[in-house]
Each structure stands twice: as structure tokens, then as C-alpha cells.
>>> print(open('protein.pdb').read())   # PDB, C-alpha atoms and all ligand atoms
ATOM      1  CA  MET V 248       6.989  34.442  34.111
ATOM      2  CA  LYS V 249       4.117  32.496  32.720
ATOM      3  CA  SER V 250       4.334  34.223  29.352
ATOM      4  CA  ALA V 251       8.072  33.583  29.216
ATOM      5  CA  LYS V 252       7.361  29.911  29.737
ATOM      6  CA  VAL V 253       4.791  29.978  26.943
ATOM      7  CA  ASN V 254       7.307  31.671  24.662
ATOM      8  CA  ILE V 255       9.881  28.985  25.396
ATOM      9  CA  ILE V 256       7.307  26.293  24.618
ATOM     10  CA  LYS V 257       6.444  28.076  21.357
ATOM     11  CA  ALA V 258      10.097  28.346  20.418
ATOM     12  CA  VAL V 259      10.704  24.666  21.118
ATOM     13  CA  SER V 260       7.610  23.726  19.122
ATOM     14  CA  LEU V 261       8.809  25.789  16.171
ATOM     15  CA  LEU V 262      12.229  24.150  16.350
ATOM     16  CA  ILE V 263      10.658  20.668  16.334
ATOM     17  CA  CYS V 264       8.499  21.624  13.351
ATOM     18  CA  ALA V 265      11.534  22.945  11.497
ATOM     19  CA  VAL V 266      13.521  19.777  12.128
ATOM     20  CA  PHE V 267      10.570  17.672  11.021
ATOM     21  CA  ALA V 268      10.138  19.722   7.858
ATOM     22  CA  LEU V 269      13.827  19.381   7.047
ATOM     23  CA  SER V 270      13.699  15.627   7.556
ATOM     24  CA  LEU V 271      10.722  15.411   5.189
ATOM     25  CA  ILE V 272      12.658  17.322   2.553
ATOM     26  CA  SER V 273      15.693  15.063   2.873
ATOM     27  CA  CYS V 274      13.535  11.931   2.759
ATOM     28  CA  GLY V 275      11.687  13.319  -0.236
ATOM     29  CA  GLY V 276      14.731  13.254  -2.463
ATOM     30  CA  LYS V 277      13.935   9.752  -3.643
ATOM     31  CA  GLU V 278      14.394   7.975  -6.869
ATOM     32  CA  SER V 279      13.388   9.344 -10.176
ATOM     33  CA  ALA V 280      11.680   7.045 -12.623
ATOM     34  CA  PRO V 281      13.713   4.077 -13.767
ATOM     35  CA  VAL V 282      15.508   4.399 -17.065
ATOM     36  CA  GLU V 283      14.415   1.348 -18.953
ATOM     37  CA  GLY V 284      16.729  -0.538 -21.216
ATOM     38  CA  GLU V 285      15.777  -0.747 -24.845
ATOM     39  CA  THR V 286      17.634  -2.852 -27.321
ATOM     40  CA  HIS V 287      21.096  -2.783 -25.783
ATOM     41  CA  PRO V 288      21.035  -3.699 -22.139
ATOM     42  CA  THR V 289      23.735  -2.059 -20.074
ATOM     43  CA  VAL V 290      24.397  -1.492 -16.431
ATOM     44  CA  GLU V 291      22.825   1.924 -16.795
ATOM     45  CA  SER V 292      19.644   0.534 -18.258
ATOM     46  CA  LEU V 293      19.187  -2.037 -15.533
ATOM     47  CA  ASN V 294      20.066  -0.135 -12.447
ATOM     48  CA  PHE V 295      18.844   3.263 -11.717
ATOM     49  CA  THR V 296      19.980   6.364  -9.953
ATOM     50  CA  PRO V 297      23.406   6.075  -8.419
ATOM     51  CA  ILE V 298      23.367   5.973  -4.687
ATOM     52  CA  ASP V 299      25.932   7.200  -2.238
ATOM     53  CA  THR V 300      29.129   5.262  -2.394
ATOM     54  CA  GLU V 301      31.613   4.828   0.369
ATOM     55  CA  LYS V 302      28.918   5.505   2.982
ATOM     56  CA  PRO V 303      27.477   2.354   4.499
ATOM     57  CA  GLU V 304      25.718   4.386   7.161
ATOM     58  CA  ASN V 305      23.493   5.949   4.537
ATOM     59  CA  GLU V 306      22.483   2.606   3.146
ATOM     60  CA  THR V 307      18.995   2.424   1.761
ATOM     61  CA  ALA V 308      17.163   0.524  -0.922
ATOM     62  CA  THR V 309      16.899   3.012  -3.720
ATOM     63  CA  GLU V 310      15.397   0.862  -6.426
ATOM     64  CA  ASN V 311      12.216   0.002  -4.632
ATOM     65  CA  THR V 312       9.500   2.479  -5.328
ATOM     66  CA  GLN V 313       6.672   0.878  -3.439
ATOM     67  CA  GLU V 314       7.515   0.454   0.168
ATOM     68  CA  GLN V 315      10.007   3.073   1.049
ATOM     69  CA  THR V 316       8.377   6.372   0.335
ATOM     70  CA  GLU V 317       8.103   7.499   3.935
ATOM     71  CA  GLU V 318      10.709   5.351   5.559
ATOM     72  CA  PRO V 319      13.694   6.761   7.403
ATOM     73  CA  GLU V 320      17.084   6.555   5.715
ATOM     74  CA  THR V 321      18.226   3.533   7.621
ATOM     75  CA  GLU V 322      18.531  -0.167   7.150
ATOM     76  CA  GLU V 323      16.975  -0.761  10.510
ATOM     77  CA  ILE V 324      13.582  -2.208   9.746
ATOM     78  CA  THR V 325      12.462  -3.784  12.976
ATOM     79  CA  GLU V 326       9.869  -6.376  13.738
ATOM     80  CA  ASP V 327       7.446  -3.547  14.461
ATOM     81  CA  ASP V 328       7.592  -2.395  10.858
ATOM     82  CA  THR V 329       6.508  -5.757   9.555
ATOM     83  CA  THR V 330       3.882  -6.847  12.013
ATOM     84  CA  GLU V 331       1.168  -6.797   9.369
ATOM     85  CA  GLN V 332       2.983  -9.294   7.185
ATOM     86  CA  ASP V 333       2.759 -13.032   7.520
ATOM     87  CA  PRO V 334       5.902 -14.539   8.973
ATOM     88  CA  PRO V 335       7.551 -17.449   7.174
ATOM     89  CA  GLU V 336       6.186 -20.778   8.265
ATOM     90  CA  THR V 337       9.327 -22.876   8.391
ATOM     91  CA  GLY V 338      11.112 -24.040  11.471
ATOM     92  CA  GLY V 339      14.421 -22.635  10.245
ATOM     93  CA  THR V 340      15.893 -19.310  11.202
ATOM     94  CA  ALA V 341      15.378 -16.293   8.934
ATOM     95  CA  PRO V 342      18.497 -15.851   6.779
ATOM     96  CA  LEU V 343      20.358 -12.643   6.126
ATOM     97  CA  ALA V 344      20.051 -11.882   2.408
ATOM     98  CA  LEU V 345      22.566  -9.683   0.569
ATOM     99  CA  MET V 346      22.262  -7.922  -2.796
ATOM    100  CA  TYR V 347      25.303  -7.448  -5.021
ATOM    101  CA  HIS V 348      25.619  -6.662  -8.724
ATOM    102  CA  LEU V 349      29.140  -6.383 -10.135
ATOM    103  CA  ILE V 350      32.540  -7.363  -8.691
ATOM    104  CA  LEU V 351      35.196  -5.246 -10.373
ATOM    105  CA  ASP V 352      37.986  -2.884  -9.364
ATOM    106  CA  GLU V 353      37.365  -0.471 -12.234
ATOM    107  CA  PRO V 354      33.761   0.680 -12.783
ATOM    108  CA  TYR V 355      32.771   0.891 -16.442
ATOM    109  CA  SER V 356      29.633   2.927 -15.826
ATOM    110  CA  ALA V 357      28.643   5.935 -13.767
ATOM    111  CA  LEU V 358      26.857   3.664 -11.321
ATOM    112  CA  GLU V 359      30.017   3.124  -9.338
ATOM    113  CA  SER V 360      28.225   1.984  -6.189
ATOM    114  CA  LEU V 361      27.281  -1.257  -7.985
ATOM    115  CA  PHE V 362      30.935  -2.180  -8.582
ATOM    116  CA  VAL V 363      32.114  -3.848  -5.394
ATOM    117  CA  ARG V 364      35.865  -4.388  -5.401
ATOM    118  CA  PRO V 365      37.065  -8.034  -5.346
ATOM    119  CA  SER V 366      39.083  -7.243  -2.210
ATOM    120  CA  GLU V 367      35.924  -5.910  -0.569
ATOM    121  CA  LEU V 368      33.989  -9.062  -1.451
ATOM    122  CA  ARG V 369      36.731 -11.109   0.203
ATOM    123  CA  GLY V 370      36.393  -8.984   3.320
ATOM    124  CA  HIS V 371      32.622  -9.453   3.374
ATOM    125  CA  ILE V 372      32.936 -13.234   3.032
ATOM    126  CA  GLU V 373      35.535 -13.314   5.806
ATOM    127  CA  ALA V 374      33.311 -11.200   8.070
ATOM    128  CA  LEU V 375      30.384 -13.561   7.459
ATOM    129  CA  ILE V 376      32.508 -16.628   8.168
ATOM    130  CA  GLU V 377      33.883 -15.048  11.341
ATOM    131  CA  LYS V 378      30.358 -14.261  12.503
ATOM    132  CA  GLY V 379      29.401 -17.896  12.065
ATOM    133  CA  TYR V 380      27.178 -17.702   8.990
ATOM    134  CA  THR V 381      26.463 -20.691   6.773
ATOM    135  CA  PHE V 382      26.107 -19.745   3.100
ATOM    136  CA  ILE V 383      22.918 -21.045   1.481
ATOM    137  CA  PHE V 384      21.178 -20.605  -1.878
ATOM    138  CA  ALA V 385      18.214 -18.286  -2.391
ATOM    139  CA  ASP V 386      15.949 -21.284  -2.889
ATOM    140  CA  GLU V 387      17.059 -22.843   0.402
ATOM    141  CA  TYR V 388      15.348 -20.163   2.456
ATOM    142  CA  GLY V 389      14.219 -21.342   5.885
ATOM    143  CA  MET V 390      15.708 -24.825   5.519
ATOM    144  CA  TYR V 391      18.319 -24.438   8.230
ATOM    145  CA  ASP V 392      18.223 -23.821  11.949
ATOM    146  CA  THR V 393      21.707 -22.329  11.922
ATOM    147  CA  LYS V 394      22.737 -18.733  11.183
ATOM    148  CA  THR V 395      22.502 -18.446   7.399
ATOM    149  CA  VAL V 396      23.268 -15.927   4.680
ATOM    150  CA  ILE V 397      22.030 -15.732   1.091
ATOM    151  CA  MET V 398      24.609 -13.865  -0.987
ATOM    152  CA  SER V 399      22.925 -12.876  -4.250
ATOM    153  CA  PHE V 400      24.124 -11.195  -7.449
ATOM    154  CA  ASP V 401      21.620  -9.501  -9.732
ATOM    155  CA  ASP V 402      21.525  -9.493 -13.554
ATOM    156  CA  GLY V 403      24.322 -12.006 -14.285
ATOM    157  CA  TYR V 404      27.247  -9.810 -15.286
ATOM    158  CA  LEU V 405      30.387 -11.217 -16.900
ATOM    159  CA  ASP V 406      32.532 -10.374 -13.888
ATOM    160  CA  ASN V 407      30.475 -12.788 -11.818
ATOM    161  CA  TYR V 408      32.480 -15.434 -13.695
ATOM    162  CA  THR V 409      35.849 -13.694 -14.033
ATOM    163  CA  GLU V 410      36.051 -12.091 -10.567
ATOM    164  CA  MET V 411      33.415 -13.455  -8.198
ATOM    165  CA  PHE V 412      33.516 -17.166  -9.109
ATOM    166  CA  PRO V 413      37.245 -17.656  -8.312
ATOM    167  CA  ILE V 414      36.782 -15.943  -4.941
ATOM    168  CA  ILE V 415      33.818 -18.030  -3.824
ATOM    169  CA  LYS V 416      35.645 -21.187  -4.911
ATOM    170  CA  GLU V 417      38.608 -20.138  -2.800
ATOM    171  CA  TYR V 418      36.409 -19.720   0.278
ATOM    172  CA  ASN V 419      34.120 -22.606  -0.721
ATOM    173  CA  VAL V 420      30.928 -20.617  -0.143
ATOM    174  CA  LYS V 421      27.584 -20.775  -1.960
ATOM    175  CA  VAL V 422      26.044 -17.835  -3.824
ATOM    176  CA  THR V 423      23.019 -17.195  -6.032
ATOM    177  CA  VAL V 424      22.942 -15.384  -9.377
ATOM    178  CA  PHE V 425      19.600 -13.897 -10.432
ATOM    179  CA  MET V 426      20.033 -14.161 -14.207
ATOM    180  CA  ILE V 427      18.273 -12.122 -16.898
ATOM    181  CA  THR V 428      17.947 -14.931 -19.398
ATOM    182  CA  ASP V 429      17.501 -12.824 -22.567
ATOM    183  CA  TYR V 430      20.956 -11.348 -21.901
ATOM    184  CA  ILE V 431      22.824 -14.652 -21.705
ATOM    185  CA  ASN V 432      25.791 -14.611 -24.147
ATOM    186  CA  GLY V 433      25.363 -10.839 -24.435
ATOM    187  CA  GLY V 434      28.901  -9.522 -24.037
ATOM    188  CA  GLU V 435      28.539  -7.773 -20.711
ATOM    189  CA  TYR V 436      26.745 -10.833 -19.312
ATOM    190  CA  LEU V 437      27.446 -14.482 -18.552
ATOM    191  CA  SER V 438      27.580 -16.985 -21.397
ATOM    192  CA  GLU V 439      25.836 -20.356 -21.479
ATOM    193  CA  ASP V 440      29.150 -22.140 -20.908
ATOM    194  CA  MET V 441      29.971 -19.972 -17.902
ATOM    195  CA  ILE V 442      26.552 -20.637 -16.378
ATOM    196  CA  LYS V 443      26.976 -24.382 -16.880
ATOM    197  CA  GLU V 444      30.436 -24.368 -15.311
ATOM    198  CA  MET V 445      29.389 -22.224 -12.353
ATOM    199  CA  SER V 446      26.263 -24.284 -11.706
ATOM    200  CA  SER V 447      28.046 -27.621 -11.928
ATOM    201  CA  SER V 448      30.585 -26.443  -9.325
ATOM    202  CA  GLY V 449      27.804 -26.798  -6.774
ATOM    203  CA  LEU V 450      28.609 -23.337  -5.429
ATOM    204  CA  VAL V 451      26.388 -21.201  -7.670
ATOM    205  CA  SER V 452      22.627 -21.428  -7.946
ATOM    206  CA  PHE V 453      21.005 -19.680 -10.907
ATOM    207  CA  GLN V 454      17.544 -18.308 -10.224
ATOM    208  CA  SER V 455      15.175 -16.048 -12.128
ATOM    209  CA  HIS V 456      15.513 -12.313 -12.695
ATOM    210  CA  THR V 457      12.909 -12.647 -15.488
ATOM    211  CA  ALA V 458      13.627 -13.016 -19.203
ATOM    212  CA  SER V 459      13.885  -9.344 -20.221
ATOM    213  CA  HIS V 460      14.065  -7.330 -16.967
ATOM    214  CA  PRO V 461      10.809  -5.412 -17.475
ATOM    215  CA  ALA V 462       8.965  -3.341 -14.878
ATOM    216  CA  LEU V 463       6.700  -6.170 -13.745
ATOM    217  CA  THR V 464       4.077  -3.728 -12.465
ATOM    218  CA  THR V 465       3.322  -2.708 -16.067
ATOM    219  CA  LEU V 466       2.743  -6.226 -17.414
ATOM    220  CA  SER V 467      -0.449  -8.154 -18.104
ATOM    221  CA  GLU V 468      -0.943 -11.541 -16.532
ATOM    222  CA  GLU V 469      -0.055 -13.195 -19.843
ATOM    223  CA  SER V 470       3.174 -11.208 -20.117
ATOM    224  CA  LEU V 471       4.089 -12.035 -16.546
ATOM    225  CA  ARG V 472       3.609 -15.720 -17.315
ATOM    226  CA  ASN V 473       5.808 -15.403 -20.396
ATOM    227  CA  GLU V 474       8.583 -13.724 -18.409
ATOM    228  CA  PHE V 475       8.478 -16.308 -15.636
ATOM    229  CA  SER V 476       8.100 -19.442 -17.742
ATOM    230  CA  THR V 477      10.730 -18.370 -20.294
ATOM    231  CA  SER V 478      13.362 -17.506 -17.695
ATOM    232  CA  ASN V 479      12.694 -20.678 -15.730
ATOM    233  CA  SER V 480      12.923 -22.979 -18.736
ATOM    234  CA  VAL V 481      16.131 -21.350 -20.016
ATOM    235  CA  ILE V 482      17.855 -21.642 -16.635
ATOM    236  CA  GLU V 483      16.600 -25.162 -16.003
ATOM    237  CA  GLY V 484      17.745 -26.151 -19.490
ATOM    238  CA  LEU V 485      21.285 -24.929 -18.755
ATOM    239  CA  THR V 486      21.671 -26.062 -15.157
ATOM    240  CA  GLY V 487      19.379 -29.088 -14.963
ATOM    241  CA  ARG V 488      18.096 -27.716 -11.667
ATOM    242  CA  PRO V 489      14.689 -26.319 -10.772
ATOM    243  CA  VAL V 490      14.170 -22.583 -10.440
ATOM    244  CA  LYS V 491      12.298 -21.755  -7.267
ATOM    245  CA  ALA V 492      13.225 -18.142  -6.579
ATOM    246  CA  ILE V 493      12.817 -14.842  -8.379
ATOM    247  CA  CYS V 494      14.296 -11.410  -7.859
ATOM    248  CA  TYR V 495      11.926  -8.699  -9.099
ATOM    249  CA  PRO V 496      13.633  -6.337 -11.580
ATOM    250  CA  SER V 497      14.312  -3.024  -9.866
ATOM    251  CA  GLY V 498      12.332  -4.321  -6.921
ATOM    252  CA  GLN V 499       9.057  -3.506  -8.653
ATOM    253  CA  TYR V 500       6.018  -5.679  -8.011
ATOM    254  CA  ASN V 501       2.345  -5.439  -7.150
ATOM    255  CA  ASP V 502      -0.503  -7.745  -6.148
ATOM    256  CA  LEU V 503      -0.817  -9.230  -9.650
ATOM    257  CA  THR V 504       2.938  -9.857  -9.763
ATOM    258  CA  LEU V 505       2.787 -11.714  -6.455
ATOM    259  CA  SER V 506      -0.287 -13.680  -7.453
ATOM    260  CA  VAL V 507       1.259 -14.950 -10.698
ATOM    261  CA  ALA V 508       4.725 -15.358  -9.165
ATOM    262  CA  SER V 509       3.280 -17.625  -6.492
ATOM    263  CA  GLU V 510       2.472 -20.161  -9.229
ATOM    264  CA  TYR V 511       6.078 -20.236 -10.438
ATOM    265  CA  TYR V 512       8.194 -19.542  -7.359
ATOM    266  CA  SER V 513       8.474 -20.368  -3.689
ATOM    267  CA  PHE V 514      10.578 -17.307  -2.884
ATOM    268  CA  GLY V 515      10.662 -13.716  -4.156
ATOM    269  CA  TYR V 516      13.425 -11.229  -3.394
ATOM    270  CA  THR V 517      13.014  -7.461  -3.391
ATOM    271  CA  THR V 518      15.313  -4.443  -3.114
ATOM    272  CA  VAL V 519      14.047  -3.419   0.297
ATOM    273  CA  SER V 520      17.291  -3.107   2.209
ATOM    274  CA  THR V 521      17.438  -4.509   5.701
ATOM    275  CA  ASN V 522      19.673  -6.941   7.523
ATOM    276  CA  SER V 523      17.095  -9.549   8.440
ATOM    277  CA  THR V 524      14.387 -11.323   6.505
ATOM    278  CA  ALA V 525      12.529 -12.200   9.703
ATOM    279  CA  GLY V 526       8.811 -11.540   9.503
ATOM    280  CA  TYR V 527       8.640 -10.963   5.740
ATOM    281  CA  PRO V 528       6.436 -13.057   3.421
ATOM    282  CA  TYR V 529       8.263 -15.628   1.297
ATOM    283  CA  LEU V 530       7.533 -13.727  -1.905
ATOM    284  CA  GLU V 531       8.686 -10.350  -0.521
ATOM    285  CA  LEU V 532      12.040 -11.046   1.084
ATOM    286  CA  PRO V 533      14.307  -8.022   1.648
ATOM    287  CA  ARG V 534      18.040  -7.963   0.930
ATOM    288  CA  LEU V 535      20.714  -5.765   2.420
ATOM    289  CA  ARG V 536      22.232  -3.763  -0.438
ATOM    290  CA  VAL V 537      26.012  -4.000  -0.503
ATOM    291  CA  ASN V 538      27.840  -1.134  -2.206
ATOM    292  CA  ARG V 539      31.325  -0.346  -3.400
ATOM    293  CA  GLY V 540      33.401   1.048  -0.578
ATOM    294  CA  TYR V 541      32.241  -1.214   2.220
ATOM    295  CA  SER V 542      35.341  -2.400   4.023
ATOM    296  CA  LYS V 543      35.252  -5.639   5.980
ATOM    297  CA  GLU V 544      34.696  -3.623   9.150
ATOM    298  CA  ALA V 545      32.008  -1.379   7.653
ATOM    299  CA  PHE V 546      30.190  -4.407   6.279
ATOM    300  CA  ALA V 547      30.513  -6.273   9.579
ATOM    301  CA  SER V 548      28.903  -3.332  11.387
ATOM    302  CA  LEU V 549      25.801  -3.677   9.207
ATOM    303  CA  ILE V 550      25.072  -7.308  10.038
ATOM    304  CA  ASN V 551      24.387  -9.278  13.169
TER     305      ASN V 551
HETATM  306 ZN    ZN N 601      18.326  -6.216 -12.179
END
>>> encode(input="protein.pdb", output="C-alpha cells", more="lines below")
Ligand SMILES: [Zn+2]
Amino acid sequence: MKSAKVNIIKAVSLLICAVFALSLISCGGKESAPVEGETHPTVESLNFTPIDTEKPENETATENTQEQTEEPETEEITEDDTTEQDPPETGGTAPLALMYHLILDEPYSALESLFVRPSELRGHIEALIEKGYTFIFADEYGMYDTKTVIMSFDDGYLDNYTEMFPIIKEYNVKVTVFMITDYINGGEYLSEDMIKEMSSSGLVSFQSHTASHPALTTLSEESLRNEFSTSNSVIEGLTGRPVKAICYPSGQYNDLTLSVASEYYSFGYTTVSTNSTAGYPYLELPRLRVNRGYSKEAFASLIN
């Protein structure tokens, strides 16, 4: 009897080990190295391995290579996960931050998950309005006591003007575009005139996504300063408004990045995907990644 009990315990232990090993294998299938853009920036060069489309439940930040190596495949990062970080020091509530890229029905690259349909964006905006969110800019973090959302668009693609801009005007909501300033007027990207028109509408804030979208972790301090100061001066020259926020290309940053960035920016946004910025440092704010295929209901289930 006793040995039977021991055998059962052994069998259960083996089963637990097997499940654990399997989970390690599935979590291990992370991102390969980023494919860096060279002379002709494209969607492919800026955004890396495609992630699952049509499956909000598998949401995870795939671009970030620093903080997610052992994390479970879930957007649920709780307070417990961030207890070692300094909480923001404002009196306002911690906003929800969202990460988008392109708004188009027909993807023109293999990275289909980045192409959120215009109808889906409408659904997301409606869900946010119904849940009582106020839309604020990325550089207005922590300024409000109400329930706030920062809807952000990375890179500054052309469709942000042709597809996204009309929709946000219709709903009268504020969004932020993290612009790669070297790519302005570059075909697939926003032009100077578009940026001026969008900014002067009062509904679009342009903030920094650096000048050339490099892997910031590979840069010297001098190169970091060049990236930050160039992008800021280009954007400020076009919009007449100060740049106070940065989104790190591909979510890559290190201690030097943060140190230099702190001299140029009040807020830094990453690709860590979670539905609350509560408890994160100002220069390492996470954003929930929004993919193609998220219906209004699927999106609503991801946010509070
Ligand atoms: Zn980018």
C-alpha cells in the first residue's frame, strides 16, 4: 500500500516535470534577431517576426528582447511583477497605453498582424469610449485623475493620414504618432504637410521614435544624443510643439539609453505588452499591443 502511494507520487511528479518542460519549450520559441533596415526602410525592416494574428488571447510583446525572456505568454503583468520598479510620482491615474502600427484593410507585407483594419480601429475606439476612457497624448501621462488611454502609432506610416486620421476626427479622440523623422516624405511614410495638418488639428501629437530607428542598445552616447536631438528638432520644427516622449525602436533599450533619454524626454514607451502602466517607471512604460483581427469584443476583453 505504501509503495503504491509512493509510485503514485512519483508518477504525479513526473507528470508535473513533463508539463513544466513543455511550457519551457513553448516559452523558448521567442524572437529571432531583428532584421535591421538598411537604405530602404520598409515595414519588414522596422518590425520583426510576425506574431499570431486573429488571436488576442495569445497576445505578447514580441519585439522586446530584454524583459520577456522567461515571462508567461500572457498580457497579465500584475503589480507583483513590477514591485522593484519605482512607481510614477504624479497624482493622476496610470493610463492604459496601446501600440498600433498600420491601419489598412489590405496588408502590403507579410507582417499582417501590424495591419489593423479601419473597421477594427473604430470598434476599439467605441469600446474605449463605452468603458469611459478619456483619450490623452503620450506626453500627458499622469496628468489626469480620470480613466485615460494613450493610443499610439509607431513609425509614422502613410495610412496614419489616409485611414486613421479621418476616423479619429470622426470620433474626436486624441492619438500619438511616434515618428521616425529620417523617413518623413519617404513614400510609405507621412509627409511634412501631413504631419503639419494632423498636428494642427489638435488631435494628433507627434513624438519621437528616433531619427533612423536604430537598435539603441548598440549606440554610443554621442550617437544616442544625435538620434534624440535630431528627431526632436525635426518634429518641433514641423509641429511647433515640444517633444517630451520617446518610443524605443523595437523596444530595445539599456541603462545608457535610459540615462541619455532622461535628458531629452519625460516619458519612454516600450513594447512590453500589458494593459496597465501602473507601477512602471516613466521612461519604461508598457503598451498593450493591438493586432489585426481584434474585434471590438475581443479588444474590450483585454482592457479594464
Ligand atoms: Zn518602430
>>> atom_distance(input="protein.pdb", atom1="atom CA of V:Thr524", atom2="atom CA of V:Phe453")
20.4 Å
>>> resolve_selection(input="protein.pdb", expression="the PyMOL selection byres (((not hetatm)) within 6 of (chain N and resi 601))", output="PyMOL selection string")
chain V and resi 293+401-402+496-497
>>> resolve_selection(input="protein.pdb", expression="the PyMOL selection byres (((chain V and resi 463-479) around 7) and not hetatm)", output="list of chain:residue names")
V:Thr428, V:Ser455, V:Thr457, V:Ala458, V:Pro461, V:Ala462, V:Ser480, V:Val481, V:Ile482, V:Glu483, V:Val490, V:Gln499, V:Tyr500, V:Asn501, V:Thr504, V:Tyr511
>>> resolve_selection(input="protein.pdb", expression="the PyMOL selection byres (((chain V and resi 349) around 12) and not hetatm)", output="JSON, numbers by chain")
{"V": [290, 294, 346, 347, 348, 350, 351, 352, 353, 354, 355, 356, 358, 359, 360, 361, 362, 363, 364, 365, 367, 368, 399, 400, 401, 402, 403, 404, 405, 406, 407, 408, 409, 410, 411, 412, 424, 435, 436, 437, 537, 538, 539]}
>>> atom_distance(input="protein.pdb", atom1="atom CA of V:Met441", atom2="atom CA of V:Ile414")
15.2 Å
>>> closest_residue(input="protein.pdb", among="V:Met426, V:Ile493, V:Leu485, V:Leu505", to="V:Lys443", atoms="all atoms listed in the file")
V:Leu485
>>> closest_residue(input="protein.pdb", among="V:Ile372, V:Ile431, V:Ala545, V:Ala525", to="V:Tyr388", atoms="all atoms listed in the file")
V:Ala525
>>> atom_distance(input="protein.pdb", atom1="atom CA of V:Tyr512", atom2="atom CA of V:Ile415")
25.9 Å
>>> residues_around(input="protein.pdb", residues="stretch 373-376 of chain V", least_positions_apart="3", cutoff="9 Å", atoms="all atoms listed in the file", output="number ranges by chain")
V: 368-370, 379-382, 396, 418, 543-544, 546-547, 550
>>> write_last_selection(input="protein.pdb", atoms="C-alpha atoms", output="compact mmCIF listing (two decimals), keeping the file's coordinate frame")
# COMPACT_ATOMS: atom_id res chain seq x y z
CA LEU V 368 33.99 -9.06 -1.45
CA ARG V 369 36.73 -11.11 0.20
CA GLY V 370 36.39 -8.98 3.32
CA GLY V 379 29.40 -17.90 12.06
CA TYR V 380 27.18 -17.70 8.99
CA THR V 381 26.46 -20.69 6.77
CA PHE V 382 26.11 -19.74 3.10
CA VAL V 396 23.27 -15.93 4.68
CA TYR V 418 36.41 -19.72 0.28
CA LYS V 543 35.25 -5.64 5.98
CA GLU V 544 34.70 -3.62 9.15
CA PHE V 546 30.19 -4.41 6.28
CA ALA V 547 30.51 -6.27 9.58
CA ILE V 550 25.07 -7.31 10.04
>>> closest_residue(input="protein.pdb", among="V:Thr517, V:Ser438, V:Asn419, V:Ser447", to="V:Leu530", atoms="only C-alpha atoms")
V:Thr517
>>> closest_residue(input="protein.pdb", among="V:Ala492, V:Leu450, V:Met398, V:Ile383", to="V:Glu417", atoms="all atoms listed in the file")
V:Leu450
>>> closest_residue(input="protein.pdb", among="V:Ser459, V:Val420, V:Thr486, V:His371", to="V:Ser548", atoms="only C-alpha atoms")
V:His371
>>> closest_residue(input="protein.pdb", among="V:Ser366, V:Gly389, V:Val422, V:Thr395", to="V:Tyr529", atoms="only C-alpha atoms")
V:Gly389
>>> build_atoms(input="protein.pdb", residues="stretch 501-512 of chain V", atoms="N, CA and C atoms", output="short mmCIF file (atom, residue, chain, number, x, y, z; two decimals), in the frame of the given file")
data_model
loop_
_atom_site.label_atom_id
_atom_site.label_comp_id
_atom_site.auth_asym_id
_atom_site.auth_seq_id
_atom_site.Cartn_x
_atom_site.Cartn_y
_atom_site.Cartn_z
N ASN V 501 3.63 -5.81 -7.73
CA ASN V 501 2.35 -5.44 -7.15
C ASN V 501 1.56 -6.72 -6.86
N ASP V 502 0.29 -6.58 -6.53
CA ASP V 502 -0.50 -7.74 -6.15
C ASP V 502 -0.59 -8.77 -7.28
N LEU V 503 -0.74 -8.29 -8.53
CA LEU V 503 -0.82 -9.23 -9.65
C LEU V 503 0.51 -9.97 -9.80
N THR V 504 1.62 -9.22 -9.68
CA THR V 504 2.94 -9.86 -9.76
C THR V 504 3.04 -10.99 -8.76
N LEU V 505 2.66 -10.71 -7.52
CA LEU V 505 2.79 -11.71 -6.46
C LEU V 505 1.88 -12.91 -6.71
N SER V 506 0.68 -12.62 -7.19
CA SER V 506 -0.29 -13.68 -7.45
C SER V 506 0.24 -14.65 -8.52
N VAL V 507 0.74 -14.10 -9.62
CA VAL V 507 1.26 -14.95 -10.70
C VAL V 507 2.58 -15.60 -10.27
N ALA V 508 3.43 -14.82 -9.60
CA ALA V 508 4.72 -15.36 -9.16
C ALA V 508 4.55 -16.55 -8.24
N SER V 509 3.49 -16.53 -7.45
CA SER V 509 3.28 -17.62 -6.49
C SER V 509 3.06 -18.96 -7.20
N GLU V 510 2.66 -18.91 -8.48
CA GLU V 510 2.47 -20.16 -9.23
C GLU V 510 3.79 -20.70 -9.78
N TYR V 511 4.80 -19.84 -9.84
CA TYR V 511 6.08 -20.24 -10.44
C TYR V 511 7.22 -20.35 -9.43
N TYR V 512 7.07 -19.65 -8.29
CA TYR V 512 8.19 -19.54 -7.36
C TYR V 512 7.76 -19.76 -5.91
#
